[in-house]
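**Student:** First the structure, then my questions, so here it is.
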Amino acid sequence: MEQGTIKITIDDKEIWAKDGQSVVEAARENHIFIPTLCDYKSLKPAGTCRLCTVKIGGRFVSACTTTVSNGMKVENESSEIKDIRKSLIEMLFVEGNHMCPSCEKSGNCDLQALAYRYQMTAPRFPFSFTNRRLDASLPHLILEHNRCIQCLRCVRGVRAKDGRDLFGFVDRGAKIHITVDKTVEEAFSEKTAAAAMAICPVGALIQKGGAYQTPIGDRKYDLHPIGSEIESNIEQSGGSHDTKS
Amino acid sequence: MTPNPEKKKLVVATTSLAGCFGCHMSFLDIDERILQLITHVEFNRSPIDDIKHINKPCDVGFVEGGCCNTENVHTLREFRKNCKILVSLGQCAITGGLPAMRNGIPMSDLFSEVYQNTNNPTLGNHLIPNDEEIPIILDRVYPCHEIVKVDAFLPGCPPNADLIWEALVRIIEGKSLDDLTYQYFKYD
Ligand code: SF4
């Protein structure tokens with residue numbers, strides 16, 4: 001591994017980071033897991049989910065949008081931070097309707113996996129039981145609004161060939177929901193549905209006709225907690241996202 | 001977990017409220033370990049022994065299902081009153097689960113959909129049931145911990161039998177139910 005030139009400390013561990021890297025990236029390269037939901041591979045960080053909250057210089061910041069600087073001290077695994085993250089996960093669970101037992105993404109869902117890792121049982125907040133719709137009008141893609149966590153991963157990561165947006169949000173506040181631009185041809189393609197299901201961290205975007213193919217026990221997070229692949233630097237064996245992509 | 005004849009047996013009660021009895025089926029999936037279990041615990045009210053009401057103070061109560069009607073609330077309160085440790089067993093008890101999918105839909109819409117806009121011949125009179133013998137349905141389905149204090153939660157739909165077993169062993173050994181085994185701790 002190419003060594004960075006910037007020295008930072010995460011909890012008690014000193015690590016080398018590269019100039020311009022985010023705290024999340026630097027941690028990941030050094031086998032330290034900082035949980036993320038809205039952060040996705042090559043996409044520019046959006047900082048919407050706050051799951052990567054860490055404490056730097058006595059302040060809470062999102063580690064995906066904070067760039068490393070020499071001598072930086074990051075608090076990542078303190079009980080205070082863990083509880084903040086757990087409460088964020090709980091808020092996401094009560095804000096929508098996350099019925100894991102009937103969800104196609106169960107076992108491969110990042111939100112669920114984080115809830116397992118932080119051992120959420122009953123959320124400390126009351127469930128909102130909002131009445132949201134399910135939109136199955138597209139030929140290959142289901143929009144399950146009950147499960148969307150507004151992470152913007154689909155908006156940022158799935159685009160039409162000419163670079164135009166395919167996904168976007170309509171309405172504001174509690175009514176905000178994801179929508180697809182049906183004037184763009186790609187909205188109707190199977191390829192878009194597969195890409196959307198793969199990029200969505202939860203079960204809000206589901207490709208029609210291919211669910212429940214991975215048996216329980218073989219799914220992505222059945223045996224190993226999310227983040228353990230970063231911490232151990234061993235690629236997880238078995239388990240894949242339930243898509244045809 | 002070795003049997004100790006000197007030690008008093010723990011008294012365990014279980015019930016199913018707005019659930020499907022799947023959690024109880026999973027409880028029975030501990031299989032032959034139930035023989036080991038009964039050297040440590042005695043069952044009080046439970047569908048397993050068909051005792052209909054709690055008739056002495058219990059150490060642990062397992063509740064499957066959330067509350068969808070007044071009878072559920074009554075039973076849950078009876079459990080809380082008589083059980084030192086109350087455990088929500090499964091997703092319906094913890095989140096309301098599948099029955100809670102009606103939450104958010106107005107009651108009038110539900111009633112007219114089920115009883116009035118129906119071609120079901122057994123509901124030919126299109127009347128909404130309203131007999132004092134029938135428990136009153138609640139405005140929505142409530143998770144158990146929104147009605148009474150719940151001490152521990154075993155997630156799953158149903159909870160894995162190994163999770164239930166792990167919890168039973170820990171309770172018998174007087175240990176905490178935090179940090180349950182990852183592979184068994186699931187919501188589906
Ligand atoms: S649909 Fe999925 S990817 Fe898109 S914003 Fe919602 S949760 Fe994120």
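Here, A, B, ... name the chains of the structure tokens in the order displayed, residue numbers run from 1 inside each chain, and ligands are numbered from 1 in the same displayed order.
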Looking only at the backbone, which of the residues in region 88-117 of chain B does DSSP tag as alpha helix (DSSP H), as a list in words?
**Tutor:**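 Secondary structure check on region 88-117 of chain B, alpha helix (DSSP H): Gln91, Cys92, Ala93, Ile94, Thr95, Met107, Ser108, Asp109, Leu110 and Phe111 of chain B.
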**Student:** Report as JSON, numbers by chain the set of chain A residues whose atoms approach chain B to within 9 Å, with distances computed over only C-alpha atoms.
**Tutor:** {"A": [97, 99, 100, 101, 102, 103, 106, 107, 112, 116, 117, 119, 121, 122, 123, 126, 127, 128, 129, 130, 131, 132, 217, 222, 223, 224, 225]}
**Student:** Where in chain B does DSSP assign strand (DSSP E or B), given as a ChimeraX atom specification?
**Tutor:** /B:10-16,18,41-43,46,51,58-64,66-69,83-89,137-142,152-154
**Student:** Please find the residues contacting ligand 1 at a distance of at most 12 Å between atoms, with only C-alpha atoms and all ligand atoms counted, and report them as a PyMOL selection string.
**Tutor:** chain A and resi 37-40+46+48-49+92+96+98+105+109-111+134-135+141-158+166-170+176-180+193+195-207
**Student:** Report, in Å to a single decimal, how far apart CA of Asn108 (chain A) and CA of Arg219 (chain A) are.
**Tutor:**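 A separation of 6.0 Å between them.
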**Student:** Show which residues sit within 10 Å of Leu168 (chain B), as a list in words. Count only C-alpha atoms, and ignore same-chain residues fewer than 6 positions away.
**Tutor:**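 In the requested form, the answer reads Val12, Leu37, His40, Val41, Val60, Asp162, Gly174, Lys175 and Leu177 of chain B.
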**Student:** Just want the 12 Å neighbourhood of Ile172 (chain B), counted on only C-alpha atoms, with same-chain residues fewer than 5 positions away dropped. Output as a list in words.
**Tutor:**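 With the cut-off at 12 Å, the set is Met1, Thr2, Pro3, Asn4, Lys7, Lys8, Lys9, Leu10, Val11, Val12, Gln36, Leu37, Ile38, Thr39, His40, Val41, Glu42, Asp59, Val60, Ile85, Trp165, Glu166, Ala167 and Leu177 of chain B.
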**Student:** So that I can check the surroundings of Ser78 (chain A), please list as a PDB file with N, CA and C atoms, in the first residue's frame every protein, DNA and RNA residue that reaches within 12 Å of it, counting only C-alpha atoms and ignoring chain neighbours fewer than 2 positions away.
**Tutor:**
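Saved as around-v4.pdb:
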ATOM      1  N   ILE A  10      -6.794   8.055  14.926  1.00  0.00           N
ATOM      2  CA  ILE A  10      -8.200   7.680  15.094  1.00  0.00           C
ATOM      3  C   ILE A  10      -8.288   6.845  16.357  1.00  0.00           C
ATOM      4  N   ASP A  11      -9.062   7.320  17.303  1.00  0.00           N
ATOM      5  CA  ASP A  11      -9.059   6.783  18.662  1.00  0.00           C
ATOM      6  C   ASP A  11      -7.597   6.737  19.133  1.00  0.00           C
ATOM      7  N   ASP A  12      -7.046   5.557  19.412  1.00  0.00           N
ATOM      8  CA  ASP A  12      -5.664   5.576  19.887  1.00  0.00           C
ATOM      9  C   ASP A  12      -4.665   5.171  18.817  1.00  0.00           C
ATOM     10  N   THR A  53     -20.630  10.203  11.630  1.00  0.00           N
ATOM     11  CA  THR A  53     -20.304  11.220  12.627  1.00  0.00           C
ATOM     12  C   THR A  53     -19.134  10.795  13.513  1.00  0.00           C
ATOM     13  N   VAL A  54     -18.135  11.658  13.596  1.00  0.00           N
ATOM     14  CA  VAL A  54     -17.003  11.457  14.506  1.00  0.00           C
ATOM     15  C   VAL A  54     -16.815  12.766  15.270  1.00  0.00           C
ATOM     16  N   LYS A  55     -15.929  12.740  16.254  1.00  0.00           N
ATOM     17  CA  LYS A  55     -15.678  13.969  16.993  1.00  0.00           C
ATOM     18  C   LYS A  55     -14.249  14.416  16.686  1.00  0.00           C
ATOM     19  N   VAL A  74      -9.107  12.075  15.797  1.00  0.00           N
ATOM     20  CA  VAL A  74     -10.492  11.697  15.496  1.00  0.00           C
ATOM     21  C   VAL A  74     -11.013  10.720  16.543  1.00  0.00           C
ATOM     22  N   GLU A  75     -12.158  11.030  17.095  1.00  0.00           N
ATOM     23  CA  GLU A  75     -12.800  10.099  18.032  1.00  0.00           C
ATOM     24  C   GLU A  75     -13.845   9.310  17.246  1.00  0.00           C
ATOM     25  N   ASN A  76     -13.692   8.001  17.195  1.00  0.00           N
ATOM     26  CA  ASN A  76     -14.567   7.192  16.339  1.00  0.00           C
ATOM     27  C   ASN A  76     -15.393   6.164  17.103  1.00  0.00           C
ATOM     28  N   GLU A  80     -20.014   7.541  23.418  1.00  0.00           N
ATOM     29  CA  GLU A  80     -20.857   8.676  23.018  1.00  0.00           C
ATOM     30  C   GLU A  80     -21.162   8.618  21.511  1.00  0.00           C
ATOM     31  N   ILE A  81     -20.116   8.407  20.717  1.00  0.00           N
ATOM     32  CA  ILE A  81     -20.299   8.349  19.253  1.00  0.00           C
ATOM     33  C   ILE A  81     -21.165   7.143  18.880  1.00  0.00           C
ATOM     34  N   LYS A  82     -20.873   6.020  19.521  1.00  0.00           N
ATOM     35  CA  LYS A  82     -21.655   4.812  19.207  1.00  0.00           C
ATOM     36  C   LYS A  82     -23.133   5.057  19.461  1.00  0.00           C
ATOM     37  N   ASP A  83     -23.428   5.743  20.557  1.00  0.00           N
ATOM     38  CA  ASP A  83     -24.828   5.980  20.882  1.00  0.00           C
ATOM     39  C   ASP A  83     -25.468   6.960  19.903  1.00  0.00           C
ATOM     40  N   ILE A  84     -24.704   7.950  19.461  1.00  0.00           N
ATOM     41  CA  ILE A  84     -25.234   8.890  18.457  1.00  0.00           C
ATOM     42  C   ILE A  84     -25.575   8.122  17.175  1.00  0.00           C
ATOM     43  N   ARG A  85     -24.649   7.263  16.764  1.00  0.00           N
ATOM     44  CA  ARG A  85     -24.885   6.494  15.530  1.00  0.00           C
ATOM     45  C   ARG A  85     -26.090   5.579  15.677  1.00  0.00           C
TER      46      ARG A  85
END
**Student:** Would you pick out the contacts of Leu17 (chain B) at 10 Å or less, using only C-alpha atoms, so that residues sharing its chain but fewer than 2 positions from it are not included, and give the list as a ChimeraX atom specification?
**Tutor:** /B:15,19-21,63-69,71-73,75-76,92-93,144
**Student:** Please, what distance in Å, to one decimal, runs between CA of Arg133 (chain A) and CA of Thr36 (chain A)?
**Tutor:**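 CA of Arg133 (chain A) sits 26.7 Å away from CA of Thr36 (chain A).
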